[in-house]
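One file, model.txt, carrying compact mmCIF, C-alpha atoms:
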```
# COMPACT_ATOMS: atom_id res chain seq x y z
CA MET A 17 37.76 18.45 2.09
CA THR A 18 38.79 15.73 4.54
CA PRO A 19 36.60 12.63 4.23
CA THR A 20 34.48 11.81 7.28
CA ILE A 21 34.86 8.34 8.77
CA ILE A 22 31.59 7.22 10.35
CA GLN A 23 32.35 5.33 13.53
CA ALA A 24 30.65 1.95 13.80
CA GLY A 25 27.63 2.05 16.08
CA THR A 26 27.23 -1.70 16.65
CA ALA A 27 29.40 -4.74 17.28
CA ALA A 28 28.35 -6.29 13.95
CA ALA A 29 29.30 -3.07 12.18
CA ALA A 30 32.72 -3.19 13.85
CA ARG A 31 33.25 -6.68 12.41
CA VAL A 32 32.36 -5.39 8.96
CA ASP A 33 34.97 -2.68 9.45
CA GLN A 34 37.56 -5.29 10.47
CA THR A 35 36.88 -7.23 7.27
CA PHE A 36 37.17 -4.06 5.21
CA LEU A 37 40.46 -3.11 6.87
CA LEU A 38 41.82 -6.65 6.40
CA ILE A 39 41.01 -6.70 2.67
CA PHE A 40 42.25 -3.14 2.23
CA GLY A 41 45.47 -3.87 4.15
CA VAL A 42 46.23 -7.07 2.22
CA SER A 43 45.48 -5.38 -1.10
CA ALA A 44 47.69 -2.41 -0.22
CA ALA A 45 50.53 -4.67 0.89
CA ILE A 46 50.33 -6.73 -2.33
CA LEU A 47 50.27 -3.53 -4.41
CA VAL A 48 53.39 -2.20 -2.67
CA PHE A 49 55.17 -5.56 -2.87
CA ILE A 50 54.45 -6.08 -6.59
CA THR A 51 55.35 -2.49 -7.43
CA LEU A 52 58.70 -2.68 -5.59
CA LEU A 53 59.41 -6.13 -7.07
CA MET A 54 58.66 -4.83 -10.57
CA VAL A 55 61.01 -1.87 -10.11
CA TRP A 56 63.75 -4.16 -8.78
CA PHE A 57 63.33 -6.59 -11.73
CA VAL A 58 63.56 -3.72 -14.21
CA PHE A 59 66.79 -2.62 -12.61
CA ARG A 60 68.29 -6.05 -11.80
CA TYR A 61 67.54 -7.76 -15.12
CA HIS A 62 68.01 -4.86 -17.49
CA HIS A 63 69.19 -6.04 -20.93
CA ALA A 64 72.38 -4.03 -20.51
CA ARG A 65 73.34 -6.39 -17.67
CA HIS A 66 71.94 -9.53 -19.26
CA PRO A 67 72.21 -9.29 -23.04
CA GLN A 68 71.55 -13.04 -23.27
CA ALA A 69 68.18 -14.21 -21.95
CA ALA A 70 68.31 -17.05 -19.42
CA ASP A 71 66.23 -20.19 -20.02
CA ILE A 72 64.49 -20.89 -16.70
CA ARG A 73 62.72 -24.25 -16.77
CA GLY A 74 60.82 -23.79 -13.49
CA ASN A 75 61.12 -23.52 -9.73
CA VAL A 76 59.05 -25.81 -7.55
CA TRP A 77 59.34 -23.65 -4.41
CA ALA A 78 58.31 -20.50 -6.28
CA GLU A 79 55.26 -22.27 -7.71
CA ILE A 80 54.32 -23.58 -4.28
CA ALA A 81 54.71 -20.10 -2.77
CA TRP A 82 52.58 -18.28 -5.33
CA THR A 83 49.89 -20.96 -5.01
CA VAL A 84 49.79 -21.38 -1.23
CA ILE A 85 50.24 -17.75 -0.15
CA PRO A 86 47.40 -16.30 -2.32
CA THR A 87 45.16 -19.23 -1.30
CA VAL A 88 45.77 -18.54 2.40
CA LEU A 89 45.16 -14.81 1.91
CA VAL A 90 41.94 -15.32 -0.09
CA MET A 91 40.57 -17.91 2.35
CA GLY A 92 41.42 -15.62 5.26
CA MET A 93 39.54 -12.72 3.64
CA PHE A 94 36.65 -15.06 2.80
CA TRP A 95 36.43 -16.26 6.39
CA SER A 96 36.47 -12.73 7.77
CA GLY A 97 33.81 -11.67 5.27
CA TRP A 98 31.66 -14.70 5.98
CA THR A 99 31.73 -14.22 9.76
CA SER A 100 30.90 -10.50 9.47
CA PHE A 101 28.06 -11.32 7.06
CA LYS A 102 26.70 -13.89 9.53
CA ALA A 103 26.89 -11.28 12.28
CA LEU A 104 24.73 -8.92 10.20
CA ARG A 105 22.18 -11.63 9.32
CA SER A 106 21.88 -13.59 12.59
CA ALA A 107 19.25 -11.67 14.54
CA PRO A 108 18.78 -12.81 18.16
CA ALA A 109 15.50 -14.63 18.83
CA ASP A 110 14.52 -12.13 21.54
CA ALA A 111 15.14 -9.05 19.38
CA MET A 112 12.53 -6.28 19.47
CA ARG A 113 10.71 -6.34 16.12
CA VAL A 114 9.82 -3.26 14.13
CA LYS A 115 7.98 -3.35 10.82
CA VAL A 116 9.50 -0.99 8.25
CA THR A 117 7.51 0.10 5.20
CA ALA A 118 9.20 2.15 2.50
CA ARG A 119 7.08 4.31 0.23
CA MET A 120 7.61 7.27 -2.04
CA TRP A 121 9.20 9.06 -0.25
CA SER A 122 9.33 8.24 3.42
CA TRP A 123 9.92 5.49 5.97
CA VAL A 124 7.15 4.17 8.23
CA PHE A 125 8.13 2.31 11.42
CA GLU A 126 5.44 0.27 13.20
CA TYR A 127 6.06 -1.23 16.63
CA GLU A 128 4.62 -4.31 18.29
CA ASN A 129 2.20 -2.21 20.37
CA GLY A 130 0.78 -0.61 17.21
CA ARG A 131 2.60 2.69 17.55
CA ARG A 132 3.82 4.20 14.27
CA ALA A 133 6.46 6.82 13.58
CA SER A 134 8.51 8.25 10.75
CA THR A 135 11.63 8.20 12.96
CA LEU A 136 13.06 4.91 14.24
CA TYR A 137 13.26 5.06 18.05
CA VAL A 138 15.18 2.21 19.74
CA PRO A 139 16.67 1.53 23.18
CA VAL A 140 20.42 1.34 23.63
CA ASP A 141 21.96 -2.13 24.06
CA ARG A 142 18.81 -3.89 22.82
CA ALA A 143 18.72 -6.04 19.69
CA VAL A 144 16.26 -4.70 17.10
CA ARG A 145 15.05 -6.68 14.09
CA LEU A 146 13.67 -4.70 11.15
CA ASP A 147 11.12 -6.56 9.01
CA MET A 148 11.11 -4.53 5.81
CA THR A 149 8.99 -4.21 2.69
CA SER A 150 7.97 -1.55 0.16
CA ALA A 151 4.52 -0.21 -0.65
CA ASP A 152 5.36 0.90 -4.19
CA VAL A 153 8.80 0.69 -5.83
CA LEU A 154 12.27 -0.59 -4.97
CA HIS A 155 13.93 1.32 -2.11
CA SER A 156 17.06 0.59 -0.09
CA PHE A 157 17.28 1.05 3.68
CA PHE A 158 20.74 2.41 4.45
CA VAL A 159 22.15 3.29 7.90
CA PRO A 160 25.85 4.10 7.37
CA ALA A 161 26.74 4.04 11.08
CA PHE A 162 25.37 0.51 11.46
CA ARG A 163 26.70 -0.73 8.08
CA ILE A 164 23.16 -1.75 7.12
CA LYS A 165 22.07 -1.55 3.50
CA MET A 166 19.10 -3.70 2.56
CA ASP A 167 16.74 -3.38 -0.41
CA THR A 168 13.01 -3.18 0.30
CA VAL A 169 11.02 -4.91 -2.43
CA PRO A 170 7.27 -4.62 -3.14
CA GLY A 171 5.49 -7.86 -2.28
CA MET A 172 8.51 -9.34 -0.49
CA GLU A 173 9.77 -9.09 3.09
CA THR A 174 13.44 -8.66 3.88
CA TYR A 175 15.11 -8.04 7.22
CA ALA A 176 18.10 -6.57 8.98
CA TRP A 177 19.06 -6.19 12.61
CA PHE A 178 21.34 -4.15 14.84
CA GLN A 179 22.11 -3.46 18.49
CA ALA A 180 23.17 0.12 19.09
CA GLU A 181 25.93 0.49 21.67
CA ARG A 182 25.73 4.27 22.12
CA GLU A 183 22.90 6.76 22.48
CA GLY A 184 22.60 9.31 19.71
CA SER A 185 21.06 10.12 16.36
CA TYR A 186 22.08 8.16 13.24
CA ASP A 187 21.09 8.98 9.65
CA ILE A 188 18.78 6.81 7.55
CA LEU A 189 18.94 7.22 3.77
CA CYS A 190 17.47 5.55 0.70
CA ALA A 191 20.34 4.10 -1.34
CA GLU A 192 18.22 3.20 -4.40
CA TYR A 193 16.97 5.84 -6.84
CA CYS A 194 13.19 5.67 -6.34
CA GLY A 195 11.79 8.75 -8.05
CA LEU A 196 11.29 12.48 -7.76
CA GLN A 197 11.94 12.97 -4.03
CA HIS A 198 14.54 10.21 -3.63
CA ALA A 199 17.14 12.60 -2.18
CA ASN A 200 14.66 13.76 0.47
CA MET A 201 13.79 10.25 1.68
CA LEU A 202 15.59 10.82 4.96
CA SER A 203 15.03 9.86 8.58
CA THR A 204 17.06 9.01 11.66
CA VAL A 205 17.57 6.24 14.18
CA GLU A 206 17.18 7.80 17.62
CA VAL A 207 18.91 5.62 20.21
CA LEU A 208 17.53 6.36 23.68
CA ASP A 209 18.33 5.08 27.14
CA ALA A 210 16.00 2.36 28.43
CA GLU A 211 13.82 4.73 30.46
CA GLY A 212 13.57 7.32 27.70
CA PHE A 213 12.54 4.69 25.17
CA ARG A 214 9.97 3.18 27.54
CA GLU A 215 8.36 6.59 28.05
CA TRP A 216 8.23 7.19 24.30
CA TYR A 217 6.96 3.68 23.56
CA GLU A 218 4.13 3.85 26.07
CA SER A 219 3.14 7.47 25.52
CA GLY A 220 0.92 8.91 22.81
CA ALA A 221 0.43 12.43 21.57
CA GLY A 222 -3.02 13.98 21.48
CA GLY A 223 -4.94 16.49 19.39
CA ASP A 224 -3.14 18.19 16.54
CA ASP A 225 0.24 16.79 17.61
CA GLU A 226 -1.12 13.28 17.30
CA ALA A 227 -2.59 13.99 13.85
CA VAL A 228 0.68 15.49 12.63
CA GLY A 229 2.53 12.48 14.03
CA LEU A 230 0.19 10.16 12.15
CA MET A 231 0.72 12.06 8.91
CA GLU A 232 4.46 11.81 9.43
CA SER A 233 4.25 8.09 10.13
CA TYR A 234 2.19 7.42 6.99
CA GLY A 235 4.63 9.45 4.90
CA CYS A 236 2.15 12.24 4.07
CA LEU A 237 4.57 14.99 5.08
CA GLY A 238 7.25 13.59 2.78
CA CYS A 239 5.28 15.08 -0.13
CA HIS A 240 2.84 17.57 1.44
CA SER A 241 3.95 20.52 3.55
CA LEU A 242 2.09 22.15 6.44
CA ASP A 243 3.64 25.60 5.94
CA GLY A 244 2.32 26.53 2.49
CA SER A 245 5.38 25.49 0.50
CA GLU A 246 4.84 23.33 -2.58
CA GLU A 247 6.65 20.01 -2.69
CA ALA A 248 5.89 16.80 -4.59
CA GLY A 249 2.23 17.26 -3.64
CA PRO A 250 0.05 20.29 -2.85
CA THR A 251 0.45 21.86 0.58
CA LEU A 252 -2.00 20.81 3.29
CA MET A 253 -1.95 24.26 4.87
CA GLY A 254 -5.49 25.64 4.66
CA ILE A 255 -6.52 23.02 2.10
CA TYR A 256 -9.94 22.51 3.69
CA GLY A 257 -12.61 24.37 1.71
CA LYS A 258 -10.30 25.38 -1.14
CA GLU A 259 -11.09 24.73 -4.79
CA ARG A 260 -8.94 22.09 -6.46
CA PRO A 261 -8.52 21.60 -10.25
CA ILE A 262 -9.09 17.90 -10.93
CA VAL A 263 -7.91 16.14 -14.10
CA VAL A 264 -10.72 14.52 -16.11
CA ASP A 265 -10.66 12.07 -18.99
CA GLY A 266 -9.57 13.75 -22.20
CA GLY A 267 -7.01 16.03 -20.56
CA GLY A 268 -9.34 18.75 -19.24
CA THR A 269 -10.00 19.77 -15.65
CA ARG A 270 -12.97 20.37 -13.40
CA THR A 271 -13.10 22.20 -10.10
CA VAL A 272 -14.05 20.58 -6.82
CA VAL A 273 -14.02 21.90 -3.27
CA ALA A 274 -11.73 20.21 -0.76
CA ASP A 275 -14.44 19.33 1.75
CA GLU A 276 -14.27 16.46 4.19
CA GLN A 277 -15.52 13.89 1.71
CA TYR A 278 -13.04 15.03 -0.95
CA LEU A 279 -10.18 14.74 1.57
CA ARG A 280 -11.38 11.28 2.54
CA ARG A 281 -11.39 10.18 -1.10
CA ALA A 282 -7.99 11.80 -1.68
CA ILE A 283 -6.51 9.60 1.06
CA LEU A 284 -8.31 6.36 0.25
CA GLU A 285 -8.62 6.64 -3.55
CA PRO A 286 -6.13 9.31 -4.65
CA ASP A 287 -6.08 8.38 -8.34
CA ALA A 288 -9.84 8.91 -8.67
CA GLU A 289 -9.47 12.70 -8.41
CA LEU A 290 -5.89 13.65 -9.31
CA VAL A 291 -5.04 17.32 -8.82
CA ALA A 292 -3.78 18.92 -12.04
CA GLY A 293 -0.01 19.38 -12.12
CA TYR A 294 0.84 16.63 -9.64
CA GLU A 295 1.78 12.96 -9.86
CA GLY A 296 -0.34 10.21 -8.31
CA MET A 297 0.15 8.86 -4.79
CA PRO A 298 -0.38 5.40 -3.27
CA SER A 299 -3.75 4.53 -1.76
CA TYR A 300 -4.11 4.14 2.01
CA LYS A 301 -7.37 2.20 1.72
CA GLU A 302 -5.88 -1.05 2.99
CA GLU A 303 -3.19 0.45 5.19
CA MET A 304 -4.86 3.20 7.28
CA PRO A 305 -7.25 2.19 10.08
CA ALA A 306 -10.52 4.15 10.31
CA GLU A 307 -9.45 5.63 13.66
CA ASP A 308 -6.27 7.14 12.20
CA LEU A 309 -8.18 8.41 9.15
CA GLU A 310 -10.68 10.24 11.36
CA LYS A 311 -7.91 11.89 13.40
CA ILE A 312 -6.18 13.14 10.25
CA LEU A 313 -9.44 14.38 8.76
CA ARG A 314 -10.28 16.19 12.00
CA PHE A 315 -6.94 17.98 11.80
CA LEU A 316 -7.31 18.88 8.12
CA THR A 317 -10.86 20.15 8.58
CA GLY A 318 -9.95 22.43 11.43
CA GLY A 319 -10.52 20.16 14.39
CA ALA A 320 -14.28 19.76 14.04
CA ALA A 321 -15.66 17.22 16.45
CA ARG A 322 -18.20 15.51 14.24
CA ASP A 323 -21.39 14.20 15.83
CA LEU A 324 -23.61 13.41 12.85
CA ASP A 325 -26.45 11.74 14.76
CA ARG A 326 -26.79 14.77 17.03
CA GLY A 327 -26.72 17.13 14.05
CA ARG A 328 -29.50 15.26 12.27
CA SER A 329 -31.59 15.06 15.45
CA LEU A 330 -31.29 18.82 15.93
CA MET A 331 -32.33 19.47 12.34
CA GLU A 332 -35.35 17.23 12.73
CA ALA A 333 -36.32 18.85 16.05
CA GLU A 334 -35.96 22.38 14.67
CA GLY A 335 -37.94 21.59 11.51
CA CYS A 336 -35.03 22.07 9.10
CA LEU A 337 -35.73 18.80 7.28
CA SER A 338 -39.29 19.87 6.53
CA CYS A 339 -37.97 22.36 3.96
CA HIS A 340 -34.51 20.98 3.10
CA SER A 341 -33.92 17.46 1.82
CA THR A 342 -30.84 15.31 2.40
CA ASP A 343 -31.14 13.30 -0.81
CA GLY A 344 -30.74 15.98 -3.48
CA SER A 345 -34.46 16.63 -4.06
CA GLU A 346 -35.93 20.13 -3.90
CA ILE A 347 -38.56 21.01 -1.28
CA ALA A 348 -39.13 24.57 -0.04
CA GLY A 349 -35.41 25.26 0.31
CA PRO A 350 -32.18 24.04 -1.28
CA THR A 351 -31.12 20.48 -0.53
CA PHE A 352 -28.49 19.89 2.12
CA LYS A 353 -26.89 17.11 0.08
CA GLY A 354 -23.62 18.45 -1.30
CA ILE A 355 -24.25 22.04 -0.19
CA TYR A 356 -21.17 22.28 2.00
CA GLY A 357 -18.25 23.75 0.09
CA HIS A 358 -20.30 24.47 -3.04
CA LYS A 359 -21.07 27.86 -4.50
CA VAL A 360 -24.50 29.44 -3.97
CA VAL A 361 -25.99 32.62 -5.46
CA LEU A 362 -27.64 35.05 -3.03
CA GLU A 363 -30.66 37.27 -3.71
CA ASP A 364 -28.44 40.24 -4.58
CA GLY A 365 -26.53 38.15 -7.15
CA THR A 366 -23.48 37.66 -4.96
CA GLU A 367 -21.79 34.29 -5.37
CA VAL A 368 -20.36 32.76 -2.20
CA VAL A 369 -19.02 29.40 -1.06
CA ALA A 370 -21.18 27.57 1.46
CA ASP A 371 -18.43 27.13 3.99
CA GLU A 372 -18.75 26.99 7.78
CA ALA A 373 -18.96 30.77 8.18
CA TYR A 374 -21.72 31.11 5.57
CA LEU A 375 -23.78 28.21 6.95
CA THR A 376 -23.46 29.55 10.50
CA GLU A 377 -24.83 32.89 9.39
CA ALA A 378 -27.53 31.21 7.28
CA ILE A 379 -28.76 29.36 10.38
CA ARG A 380 -28.62 32.31 12.75
CA ASP A 381 -29.77 35.11 10.40
CA PRO A 382 -31.13 33.61 7.16
CA GLU A 383 -32.42 36.94 5.73
CA LYS A 384 -28.83 38.08 5.10
CA THR A 385 -27.90 34.88 3.28
CA MET A 386 -31.08 34.02 1.35
CA VAL A 387 -30.39 31.91 -1.71
CA LYS A 388 -31.78 33.28 -4.95
CA GLY A 389 -34.93 31.57 -6.17
CA TYR A 390 -36.35 30.59 -2.78
CA GLU A 391 -38.98 32.22 -0.58
CA PRO A 392 -37.78 34.04 2.57
CA ILE A 393 -39.76 31.83 4.93
CA MET A 394 -36.93 30.47 7.10
CA PRO A 395 -36.94 31.77 10.69
CA PRO A 396 -33.73 32.73 12.50
CA TYR A 397 -32.26 30.17 14.91
CA SER A 398 -30.44 32.54 17.20
CA HIS A 399 -31.38 30.43 20.22
CA LEU A 400 -29.09 27.61 19.16
CA SER A 401 -25.74 27.27 20.91
CA ASP A 402 -22.46 27.30 19.02
CA GLU A 403 -22.17 23.55 19.67
CA ASP A 404 -25.62 22.97 18.19
CA VAL A 405 -24.79 24.94 15.04
CA LYS A 406 -21.49 23.11 14.71
CA ALA A 407 -23.25 19.73 14.95
CA MET A 408 -25.71 20.76 12.21
CA ILE A 409 -22.92 21.91 9.91
CA ASP A 410 -20.93 18.74 10.55
CA TYR A 411 -23.98 16.74 9.51
CA MET A 412 -24.29 18.77 6.30
CA ARG A 413 -20.63 18.17 5.59
CA SER A 414 -21.26 14.42 5.66
CA LEU A 415 -24.00 14.48 3.04
CA PRO A 416 -21.98 14.47 -0.22
CA GLU A 417 -21.73 10.68 0.12
CA GLY A 418 -25.48 10.42 0.16
CA HIS A 419 -26.29 10.02 3.84
CA ASP A 420 -29.95 10.42 4.59
```
For the structure just supplied, provide its representation as structure tokens.
Amino acid sequence: MTPTIIQAGTAAAARVDQTFLLIFGVSAAILVFITLLMVWFVFRYHHARHPQAADIRGNVWAEIAWTVIPTVLVMGMFWSGWTSFKALRSAPADAMRVKVTARMWSWVFEYENGRRASTLYVPVDRAVRLDMTSADVLHSFFVPAFRIKMDTVPGMETYAWFQAEREGSYDILCAEYCGLQHANMLSTVEVLDAEGFREWYESGAGGDDEAVGLMESYGCLGCHSLDGSEEAGPTLMGIYGKERPIVVDGGGTRTVVADEQYLRRAILEPDAELVAGYEGMPSYKEEMPAEDLEKILRFLTGGAARDLDRGRSLMEAEGCLSCHSTDGSEIAGPTFKGIYGHKVVLEDGTEVVADEAYLTEAIRDPEKTMVKGYEPIMPPYSHLSDEDVKAMIDYMRSLPEGHD
């Protein structure tokens, strides 16, 4: 296989290449010269031609030559290396700044306007300074085309800069072994024209696309798939409402339902309820704003538009809270606290999960979904709109944290 030479994508990278070629050329020339000189000496001063060894006391010009010439060559290589190093480290004062956070196992790029992405978008012919750190372990930010390789260290900020001269896509890799998915810690630098970058920089996705973009930017999709495949973490496809085996002290497991509150805890305090068979993940408690968290939760829970105040007001107006408590106590009917996503036993002995479909039917036609052990006194609420029922269910979904 013919090796691929990655063309330099910046002026600083071209200077690094010049230094490499200078050192390589000098080294190759010295190797050839010494090898040829050695062969000539073997032939010219063979003992058959010179049976008596000559006593050479010294040669001033030879000593000067082998002192001065190597010194000039080494200082020349040093100067070339020093100037190319300065080119890589001297970021212009007006450079666009992007914060880079490495984490197992993804890159997060945050721009000055607050926009985040898992791909580094930059304009062509504009200096870009990368202020880098790590959220967990040692990583190394490596862009071969730009000759950038800089370690990202937890608790410390490092930097690099570049100015792309051509539009295109350039690979980003992690050059430091950082754990299980190290080889998949990949991204790209997308160099756009000025207008294309401005449109991207000022635009924002909406709905599901925005939520998926947020999950990409926070590195969620580096470990969790959206298509059902298992990676370093469990898939997020259809996770809402599913039962999850949680590791407990002593090595056993218990089962919980992945409701909204569980998903919230899994993002903010992942080590508190670790899913059996998977490694831990970093907490986003300090990193993820509440607005981004709500958008991701809305996506994972099926896009429910939660309006908890409206849901509670409807329940009070319809008399639901006269028979059902929100604090775990028993009145005439089962408490709403923690009901969503939990198993209930019906009058005929059937065991079902109180998901959105069950609760919708329980509100509209309670006789078909009567919970065992309670009197059939609840009237049907068929007059409620779909939006009203949704608001009630959203309120019930919020109660595991003890809202009242």
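A straight line drawn from CA of Phe178 (chain A) to CA of Leu154 (chain A) is 22.1 Å long.
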- Message: Excluding region 230-245 of chain A and its own-chain neighbours fewer than 2 positions away, which residues fall within 10 Å of it when counting only C-alpha atoms? Please give them as an MDAnalysis selection string.
- Response: chainID A and resid 117:126 131:135 197 200:202 221 224:228 247:255 283 297 300 303:304 308:309 311:312
- Of A:Pro395, A:Tyr127, A:Leu279, A:Ser43, the one sitting nearest Pro86 (chain A) when using all atoms listed in the file is A:Ser43
- Message: Under the rule that only C-alpha atoms are counted, which of A:Ala348, A:Val405, A:Met93, A:Cys190 is the nearest residue to Ile393 (chain A)?
- Response: A:Ala348
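Considering the residues A:Leu136, A:Lys102, A:Asp404, A:Arg73 and counting all atoms listed in the file, Ser329 (chain A) has its shortest atom-to-atom contact with A:Asp404.
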- Between CA of Leu52 (chain A) and CA of Ile39 (chain A), what is the spacing in Å?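 These atoms are spaced 19.9 Å apart.
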